[in-house]
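> Can you keep this structure in mind? I'll have questions shortly.
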Amino acid sequence: MRSEKYRNYFKSSFMMGPNCLRLLDEILGEYPLHYTSDNLVLDLGCGTGITSLFIANETGATVYANDLWISEEENRKRFTSWNMENKLIPMRKDAADLHFNKEMFDALISIDSYHYFAGKEGFFVNHILPYIKKGGIALIVIPGIKSEYDGKSEELLTAWAGDEAYMFQSTEFWKRIIGEHEDIEEVRTWEMSLFDLAWQEWFDTKHEYALNDKKYFDSMIKPFTNFVGIMVRKK
């Protein structure tokens with residue numbers, strides 16, 4: 001896996017949850033992107049920017065790295081230390097209030113963040129789709145709940161996830177939430193495969209949040225949840 005090259009970033013100082021680089025590697029393996037620096041990708045919810053680094057290195061694109069929780073200045077310093085300041089553009093914008101040129105991006109990628117802000121019908125069509133070029137693609141990975149437990153996320157997960165339990169939804173839910181539009185050619189949702197590895201490498205960081213998550217892994221996380229992959233292709 002290409003993500004093996006990024007083991008230096010499998011640390012609590014970079015990761016904010018289950019290993020986002022493994023999940024990114026998996027979805028880019030399913031939908032490879034072969035770009036040059038003239039192509040633009042929006043990494044929405046980039047956290048500390050390790051997904052943006054991976055995207056830039058492995059696809060060749062220039063990446064707009066946007067996150068609401070990490071300051072633009074913090075990520076800019078990090079990108080400069082990686083000698084990637086010409087390939088990674090840090091931003092701190094609300095996903096519901098983006099201001100880009102229409103059809104600016106060849107692709108949108110969002111790993112383990114989209115569920116925080118986009119769980120309503122119409123969000124993708126109104127706030128994301130306009131910025132993707134014709135023929136472009138959106139690739140999204142988020143935590144979800146297995147289809148057989150659809151509608152029971154709060155009942156099953158509240159002891160662990162608290163007031164965020166409602167965010168865990170099935171592949172079918174997310175396909176419906178993305179919705180239909182005359183400019184959408186295809187929507188696909190599926191269950192990702194690198195579940196155990198992504199979680200174990202998060203636990204290996206020994207981050208205090210990881211250690212708390214580990215307490216619930218066998219009783220709640222593994223039996224009921226998954227990672228949902230979403231692909232949307234624009235006409």
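We label chains A, B, ... in the order they appear in the structure tokens, count residues from 1 in each chain, and number ligands from 1 in the order shown.
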Would you pick out the contacts of A:Phe173 at 10 Å or less, using only C-alpha atoms, so that residues sharing its chain but fewer than 3 positions from it are not included, and give the list as a PyMOL selection string?
chain A and resi 119+144-145+147+150-151+168-170+176-179+189
> Just C-alpha atoms for this one: save the residues we selected as an mmCIF file, in the first residue's frame.

data_model
loop_
_atom_site.group_PDB
_atom_site.id
_atom_site.type_symbol
_atom_site.label_atom_id
_atom_site.label_comp_id
_atom_site.auth_asym_id
_atom_site.auth_seq_id
_atom_site.Cartn_x
_atom_site.Cartn_y
_atom_site.Cartn_z
ATOM 1 C CA GLY A 119 -25.684 15.049 6.935
ATOM 2 C CA GLY A 144 -21.016 4.768 9.445
ATOM 3 C CA ILE A 145 -23.238 2.057 10.812
ATOM 4 C CA SER A 147 -26.913 -1.574 7.178
ATOM 5 C CA ASP A 150 -29.804 1.327 10.162
ATOM 6 C CA GLY A 151 -31.784 3.737 12.304
ATOM 7 C CA PHE A 168 -23.333 7.185 12.138
ATOM 8 C CA GLN A 169 -25.529 6.270 9.198
ATOM 9 C CA SER A 170 -25.701 3.468 6.640
ATOM 10 C CA ARG A 176 -29.993 9.128 -0.397
ATOM 11 C CA ILE A 177 -28.503 12.194 1.315
ATOM 12 C CA ILE A 178 -26.154 12.915 -1.589
ATOM 13 C CA GLY A 179 -29.290 12.985 -3.707
ATOM 14 C CA THR A 189 -21.746 4.104 -1.629
#
> Given only C-alpha atoms, how would the per-residue table for stretch 84-161 of chain A near stretch 63-69 of chain A read, listing every residue at most 10 Å away with its closest atom pair and distance in Å to one decimal, sorted by chain and number, as a tab-separated table?

residue	atom	partner	partner_atom	distance
A:Asn86	CA	A:Val63	CA	9.4
A:Lys87	CA	A:Val63	CA	6.2
A:Leu88	CA	A:Val63	CA	5.0
A:Ile89	CA	A:Tyr64	CA	4.7
A:Pro90	CA	A:Ala65	CA	4.8
A:Met91	CA	A:Asn66	CA	4.5
A:Arg92	CA	A:Leu68	CA	5.1
A:Lys93	CA	A:Leu68	CA	5.8
A:Asp94	CA	A:Leu68	CA	6.1
A:Ala95	CA	A:Leu68	CA	8.1
A:Leu98	CA	A:Asn66	CA	9.9
A:Phe105	CA	A:Tyr64	CA	9.3
A:Ala107	CA	A:Val63	CA	9.7
A:Leu108	CA	A:Tyr64	CA	9.6
A:Ile109	CA	A:Val63	CA	9.9
A:Ser110	CA	A:Asn66	CA	9.8
A:Ser113	CA	A:Asp67	CA	9.3
> Would you output that residue set with all heavy atoms, as a tab-separated table (two decimals), in the first residue's frame?

chain	number	residue	atom	x	y	z
A	86	ASN	N	4.42	25.01	-2.10
A	86	ASN	CA	3.96	25.31	-3.45
A	86	ASN	C	2.90	24.33	-3.96
A	86	ASN	O	2.34	24.54	-5.04
A	86	ASN	CB	5.15	25.30	-4.42
A	86	ASN	CG	6.13	26.42	-4.15
A	86	ASN	OD1	5.73	27.51	-3.74
A	86	ASN	ND2	7.41	26.17	-4.34
A	87	LYS	N	2.66	23.28	-3.20
A	87	LYS	CA	1.69	22.26	-3.62
A	87	LYS	C	0.47	22.19	-2.70
A	87	LYS	O	-0.57	21.67	-3.10
A	87	LYS	CB	2.37	20.89	-3.63
A	87	LYS	CG	3.42	20.73	-4.71
A	87	LYS	CD	2.81	20.48	-6.07
A	87	LYS	CE	2.22	19.09	-6.17
A	87	LYS	NZ	1.65	18.81	-7.50
A	88	LEU	N	0.61	22.71	-1.48
A	88	LEU	CA	-0.47	22.65	-0.49
A	88	LEU	C	-0.85	24.06	-0.07
A	88	LEU	O	-0.01	24.83	0.40
A	88	LEU	CB	-0.03	21.85	0.74
A	88	LEU	CG	0.45	20.41	0.50
A	88	LEU	CD1	0.88	19.77	1.82
A	88	LEU	CD2	-0.64	19.57	-0.16
A	89	ILE	N	-2.12	24.39	-0.23
A	89	ILE	CA	-2.61	25.73	0.08
A	89	ILE	C	-3.55	25.63	1.28
A	89	ILE	O	-4.66	25.10	1.17
A	89	ILE	CB	-3.35	26.33	-1.13
A	89	ILE	CG1	-2.41	26.39	-2.33
A	89	ILE	CG2	-3.92	27.71	-0.80
A	89	ILE	CD1	-3.09	26.70	-3.64
A	90	PRO	N	-3.12	26.11	2.46
A	90	PRO	CA	-3.96	25.98	3.66
A	90	PRO	C	-5.11	26.96	3.67
A	90	PRO	O	-4.97	28.12	3.24
A	90	PRO	CB	-2.97	26.26	4.79
A	90	PRO	CG	-1.98	27.21	4.19
A	90	PRO	CD	-1.85	26.79	2.74
A	91	MET	N	-6.24	26.51	4.19
A	91	MET	CA	-7.42	27.35	4.30
A	91	MET	C	-8.17	26.97	5.57
A	91	MET	O	-8.06	25.84	6.06
A	91	MET	CB	-8.35	27.18	3.10
A	91	MET	CG	-7.71	27.42	1.76
A	91	MET	SD	-8.93	27.37	0.43
A	91	MET	CE	-9.88	28.84	0.81
A	92	ARG	N	-8.94	27.92	6.09
A	92	ARG	CA	-9.82	27.65	7.23
A	92	ARG	C	-11.18	28.26	6.94
A	92	ARG	O	-11.45	29.41	7.26
A	92	ARG	CB	-9.24	28.22	8.52
A	92	ARG	CG	-9.97	27.74	9.77
A	92	ARG	CD	-9.34	28.31	11.03
A	92	ARG	NE	-9.89	27.70	12.23
A	92	ARG	CZ	-9.53	28.02	13.47
A	92	ARG	NH1	-8.61	28.97	13.66
A	92	ARG	NH2	-10.07	27.41	14.50
A	93	LYS	N	-12.04	27.47	6.29
A	93	LYS	CA	-13.35	27.94	5.86
A	93	LYS	C	-14.42	26.94	6.30
A	93	LYS	O	-14.19	25.73	6.31
A	93	LYS	CB	-13.40	28.09	4.34
A	93	LYS	CG	-12.35	29.02	3.76
A	93	LYS	CD	-12.56	30.46	4.17
A	93	LYS	CE	-11.53	31.37	3.51
A	93	LYS	NZ	-11.66	32.78	3.96
A	94	ASP	N	-15.59	27.46	6.61
A	94	ASP	CA	-16.75	26.62	6.90
A	94	ASP	C	-17.20	25.95	5.61
A	94	ASP	O	-17.37	26.62	4.58
A	94	ASP	CB	-17.87	27.49	7.47
A	94	ASP	CG	-19.02	26.69	8.02
A	94	ASP	OD1	-19.40	25.66	7.43
A	94	ASP	OD2	-19.58	27.10	9.06
A	95	ALA	N	-17.40	24.65	5.66
A	95	ALA	CA	-17.79	23.91	4.45
A	95	ALA	C	-19.12	24.38	3.88
A	95	ALA	O	-19.38	24.21	2.69
A	95	ALA	CB	-17.86	22.42	4.76
A	98	LEU	N	-18.28	28.11	1.56
A	98	LEU	CA	-17.11	28.17	0.71
A	98	LEU	C	-17.31	29.21	-0.40
A	98	LEU	O	-18.43	29.41	-0.87
A	98	LEU	CB	-16.83	26.81	0.08
A	98	LEU	CG	-16.56	25.65	1.05
A	98	LEU	CD1	-16.45	24.35	0.28
A	98	LEU	CD2	-15.31	25.91	1.87
A	105	PHE	N	-12.49	22.80	-9.15
A	105	PHE	CA	-11.71	21.65	-8.72
A	105	PHE	C	-11.97	20.42	-9.59
A	105	PHE	O	-13.11	20.10	-9.93
A	105	PHE	CB	-12.02	21.31	-7.26
A	105	PHE	CG	-11.61	22.39	-6.30
A	105	PHE	CD1	-12.56	23.27	-5.79
A	105	PHE	CD2	-10.28	22.54	-5.93
A	105	PHE	CE1	-12.18	24.29	-4.91
A	105	PHE	CE2	-9.89	23.54	-5.06
A	105	PHE	CZ	-10.85	24.43	-4.55
A	107	ALA	N	-11.29	17.48	-8.41
A	107	ALA	CA	-11.78	16.49	-7.46
A	107	ALA	C	-11.94	17.13	-6.09
A	107	ALA	O	-11.23	18.07	-5.73
A	107	ALA	CB	-10.82	15.31	-7.36
A	108	LEU	N	-12.89	16.59	-5.34
A	108	LEU	CA	-13.02	16.87	-3.91
A	108	LEU	C	-12.77	15.57	-3.17
A	108	LEU	O	-13.28	14.52	-3.55
A	108	LEU	CB	-14.41	17.40	-3.57
A	108	LEU	CG	-14.66	17.52	-2.06
A	108	LEU	CD1	-15.28	18.84	-1.70
A	108	LEU	CD2	-15.50	16.36	-1.51
A	109	ILE	N	-11.96	15.65	-2.12
A	109	ILE	CA	-11.70	14.49	-1.27
A	109	ILE	C	-11.96	14.90	0.18
A	109	ILE	O	-11.58	15.99	0.60
A	109	ILE	CB	-10.26	13.98	-1.44
A	109	ILE	CG1	-10.05	13.48	-2.88
A	109	ILE	CG2	-9.94	12.87	-0.44
A	109	ILE	CD1	-8.64	13.02	-3.19
A	110	SER	N	-12.62	14.04	0.91
A	110	SER	CA	-12.91	14.32	2.32
A	110	SER	C	-12.84	13.00	3.09
A	110	SER	O	-13.61	12.08	2.82
A	110	SER	CB	-14.29	14.96	2.47
A	110	SER	OG	-14.54	15.31	3.81
A	113	SER	N	-14.47	13.37	7.88
A	113	SER	CA	-14.93	14.67	8.36
A	113	SER	C	-16.30	15.07	7.80
A	113	SER	O	-17.02	15.85	8.43
A	113	SER	CB	-13.91	15.76	8.00
A	113	SER	OG	-13.78	15.89	6.60
> For A:Pro18, which residue out of A:Pro143, A:Glu180, A:Leu157, A:Ala165 is the nearest one, using only C-alpha atoms?
A:Pro143
> Could you tell me, as a PyMOL selection string, which residues of stretch 9-143 of chain A DSSP assigns to strand (DSSP E) when given the backbone?
chain A and resi 40-44+62-66+88-91+105-111+132-143
> Please return as a ChimeraX atom specification: the residues of stretch 96-177 of chain A that backbone DSSP assigns to helix (DSSP H, G or I).
/A:96-97,114-116,123-131,147-149,153-167,171-177
> Write out the residues from the selection above, keeping N, CA, C and O atoms, as a short mmCIF file (atom, residue, chain, number, x, y, z; two decimals), in the first residue's frame.

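Once everything was written out, this is selection35.cif:
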data_model
loop_
_atom_site.label_atom_id
_atom_site.label_comp_id
_atom_site.auth_asym_id
_atom_site.auth_seq_id
_atom_site.Cartn_x
_atom_site.Cartn_y
_atom_site.Cartn_z
N ALA A 96 -19.96 24.97 4.72
CA ALA A 96 -21.24 25.47 4.25
C ALA A 96 -21.14 26.89 3.69
O ALA A 96 -22.13 27.44 3.20
N ASP A 97 -19.94 27.47 3.75
CA ASP A 97 -19.78 28.85 3.31
C ASP A 97 -18.48 29.00 2.52
O ASP A 97 -17.68 29.90 2.76
N TYR A 114 -16.66 14.55 6.64
CA TYR A 114 -17.87 14.98 5.93
C TYR A 114 -19.13 14.83 6.77
O TYR A 114 -20.06 15.64 6.67
N HIS A 115 -19.19 13.81 7.62
CA HIS A 115 -20.37 13.56 8.44
C HIS A 115 -20.64 14.66 9.45
O HIS A 115 -21.76 14.81 9.93
N TYR A 116 -19.60 15.45 9.79
CA TYR A 116 -19.78 16.51 10.78
C TYR A 116 -20.62 17.67 10.25
O TYR A 116 -21.24 18.39 11.04
N PHE A 123 -27.15 19.27 0.90
CA PHE A 123 -25.86 19.87 1.19
C PHE A 123 -24.88 19.67 0.04
O PHE A 123 -24.24 20.62 -0.42
N PHE A 124 -24.76 18.44 -0.43
CA PHE A 124 -23.80 18.18 -1.49
C PHE A 124 -24.15 18.96 -2.75
O PHE A 124 -23.29 19.61 -3.36
N VAL A 125 -25.40 18.92 -3.13
CA VAL A 125 -25.83 19.59 -4.37
C VAL A 125 -25.63 21.09 -4.28
O VAL A 125 -25.20 21.74 -5.25
N ASN A 126 -25.89 21.67 -3.11
CA ASN A 126 -25.84 23.12 -2.97
C ASN A 126 -24.46 23.66 -2.63
O ASN A 126 -24.09 24.76 -3.07
N HIS A 127 -23.68 22.91 -1.85
CA HIS A 127 -22.43 23.45 -1.31
C HIS A 127 -21.16 22.80 -1.86
O HIS A 127 -20.07 23.35 -1.66
N ILE A 128 -21.28 21.68 -2.52
CA ILE A 128 -20.11 20.97 -3.03
C ILE A 128 -20.10 20.87 -4.55
O ILE A 128 -19.13 21.24 -5.22
N LEU A 129 -21.18 20.37 -5.10
CA LEU A 129 -21.27 20.10 -6.54
C LEU A 129 -20.89 21.29 -7.42
O LEU A 129 -20.20 21.11 -8.43
N PRO A 130 -21.29 22.52 -7.08
CA PRO A 130 -20.97 23.63 -7.97
C PRO A 130 -19.48 23.87 -8.17
O PRO A 130 -19.07 24.44 -9.19
N TYR A 131 -18.65 23.43 -7.24
CA TYR A 131 -17.22 23.71 -7.32
C TYR A 131 -16.43 22.61 -8.03
O TYR A 131 -15.23 22.74 -8.24
N SER A 147 -25.55 -1.73 7.70
CA SER A 147 -26.91 -1.57 7.18
C SER A 147 -27.96 -2.26 8.04
O SER A 147 -29.08 -1.77 8.19
N GLU A 148 -27.61 -3.41 8.64
CA GLU A 148 -28.59 -4.14 9.43
C GLU A 148 -28.99 -3.40 10.71
O GLU A 148 -29.98 -3.75 11.34
N TYR A 149 -28.20 -2.37 11.06
CA TYR A 149 -28.52 -1.58 12.25
C TYR A 149 -28.98 -0.17 11.90
O TYR A 149 -28.98 0.72 12.73
N SER A 153 -28.45 3.95 15.42
CA SER A 153 -27.13 4.42 15.82
C SER A 153 -27.12 5.04 17.21
O SER A 153 -26.22 4.77 18.01
N GLU A 154 -28.12 5.85 17.53
CA GLU A 154 -28.15 6.47 18.85
C GLU A 154 -28.39 5.43 19.94
O GLU A 154 -27.77 5.48 21.01
N GLU A 155 -29.24 4.49 19.66
CA GLU A 155 -29.52 3.43 20.62
C GLU A 155 -28.29 2.58 20.90
O GLU A 155 -28.02 2.21 22.05
N LEU A 156 -27.50 2.29 19.86
CA LEU A 156 -26.38 1.37 20.00
C LEU A 156 -25.07 2.04 20.37
O LEU A 156 -24.20 1.40 20.97
N LEU A 157 -24.90 3.32 20.04
CA LEU A 157 -23.58 3.92 20.11
C LEU A 157 -23.45 5.08 21.09
O LEU A 157 -22.35 5.60 21.29
N THR A 158 -24.51 5.51 21.71
CA THR A 158 -24.46 6.71 22.55
C THR A 158 -23.47 6.59 23.70
O THR A 158 -22.79 7.56 24.05
N ALA A 159 -23.37 5.42 24.31
CA ALA A 159 -22.45 5.25 25.43
C ALA A 159 -21.01 5.57 25.02
O ALA A 159 -20.20 6.03 25.83
N TRP A 160 -20.69 5.31 23.77
CA TRP A 160 -19.35 5.62 23.25
C TRP A 160 -19.30 6.98 22.57
O TRP A 160 -18.47 7.83 22.91
N ALA A 161 -20.19 7.23 21.63
CA ALA A 161 -20.11 8.42 20.77
C ALA A 161 -20.85 9.63 21.34
O ALA A 161 -20.73 10.72 20.79
N GLY A 162 -21.61 9.44 22.40
CA GLY A 162 -22.31 10.57 23.00
C GLY A 162 -23.28 11.22 22.03
O GLY A 162 -24.00 10.54 21.30
N ASP A 163 -23.27 12.57 22.02
CA ASP A 163 -24.23 13.28 21.17
C ASP A 163 -23.83 13.28 19.69
O ASP A 163 -24.51 13.91 18.87
N GLU A 164 -22.75 12.59 19.35
CA GLU A 164 -22.37 12.43 17.94
C GLU A 164 -22.85 11.10 17.37
O GLU A 164 -22.61 10.81 16.19
N ALA A 165 -23.54 10.29 18.17
CA ALA A 165 -23.96 8.96 17.72
C ALA A 165 -24.87 9.04 16.50
O ALA A 165 -24.82 8.16 15.62
N TYR A 166 -25.69 10.09 16.41
CA TYR A 166 -26.63 10.21 15.29
C TYR A 166 -25.93 10.34 13.94
O TYR A 166 -26.52 10.08 12.89
N MET A 167 -24.65 10.72 13.95
CA MET A 167 -23.92 10.91 12.70
C MET A 167 -23.60 9.60 12.00
O MET A 167 -23.30 9.59 10.81
N THR A 171 -24.77 3.02 4.46
CA THR A 171 -24.43 3.34 3.07
C THR A 171 -25.66 3.80 2.30
O THR A 171 -25.58 4.72 1.47
N GLU A 172 -26.80 3.19 2.58
CA GLU A 172 -28.04 3.56 1.89
C GLU A 172 -28.46 4.99 2.25
O GLU A 172 -28.91 5.75 1.39
N PHE A 173 -28.32 5.32 3.53
CA PHE A 173 -28.64 6.68 3.98
C PHE A 173 -27.80 7.70 3.22
O PHE A 173 -28.33 8.69 2.71
N TRP A 174 -26.50 7.46 3.13
CA TRP A 174 -25.64 8.45 2.50
C TRP A 174 -25.88 8.57 1.01
O TRP A 174 -25.78 9.67 0.45
N LYS A 175 -26.24 7.50 0.37
CA LYS A 175 -26.58 7.61 -1.05
C LYS A 175 -27.82 8.48 -1.23
O LYS A 175 -27.90 9.31 -2.15
N ARG A 176 -28.78 8.31 -0.33
CA ARG A 176 -29.99 9.13 -0.40
C ARG A 176 -29.70 10.59 -0.08
O ARG A 176 -30.25 11.50 -0.71
N ILE A 177 -28.82 10.83 0.90
CA ILE A 177 -28.50 12.19 1.31
C ILE A 177 -27.74 12.95 0.23
O ILE A 177 -27.94 14.15 0.02
#
> What does the structure give for the distance between atom CA of A:Phe14 and atom CA of A:Trp199, in Å to one decimal?
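Between atom CA of A:Phe14 and atom CA of A:Trp199 the gap works out to 14.8 Å.
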> For A:Ile230, which residue out of A:Ile184, A:Met84, A:Leu53, A:Leu139 is the nearest one, using only C-alpha atoms?
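Of the candidates, the smallest distance to A:Ile230 is held by A:Leu139.
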> Compile the contact shell of A:Lys234 as a list in words: residues with an atom at most 9 Å away, counting only C-alpha atoms, same-chain residues fewer than 5 positions apart removed.
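Using only C-alpha atoms, the neighbours found are Leu129, Ile132, Lys133, Lys134, Gly135, Gly136, Ile137, Ala138, Asp183, Ile184, Glu185 and Glu186 of chain A.
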> Using only C-alpha atoms, pick whichever of A:Ile70, A:Leu23, A:Leu28, A:Met104 has the shortest atom-to-atom distance to A:Val228.
A:Leu23
> Can you measure atom CA of A:Leu40 to atom CA of A:Gly60 for me? One decimal in Å is fine.
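Answer for the atom CA of A:Leu40 to atom CA of A:Gly60 separation: 9.4 Å.
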> Between atom CA of A:Ile142 and atom CA of A:Ala56, what is the distance in Å, rounded to a tenth?
20.8 Å
> Between A:Met15, A:Ala61, A:Lys5, A:Leu197, which has the minimum distance to A:Tyr209 (counting only C-alpha atoms)?
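Checking each of A:Met15, A:Ala61, A:Lys5, A:Leu197 against A:Tyr209, counting only C-alpha atoms, the winner is A:Met15.
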> Taking into account only C-alpha atoms, which residue in the set A:Arg233, A:Lys206, A:Lys120, A:Lys222 is nearest to A:Met16?
A:Lys206
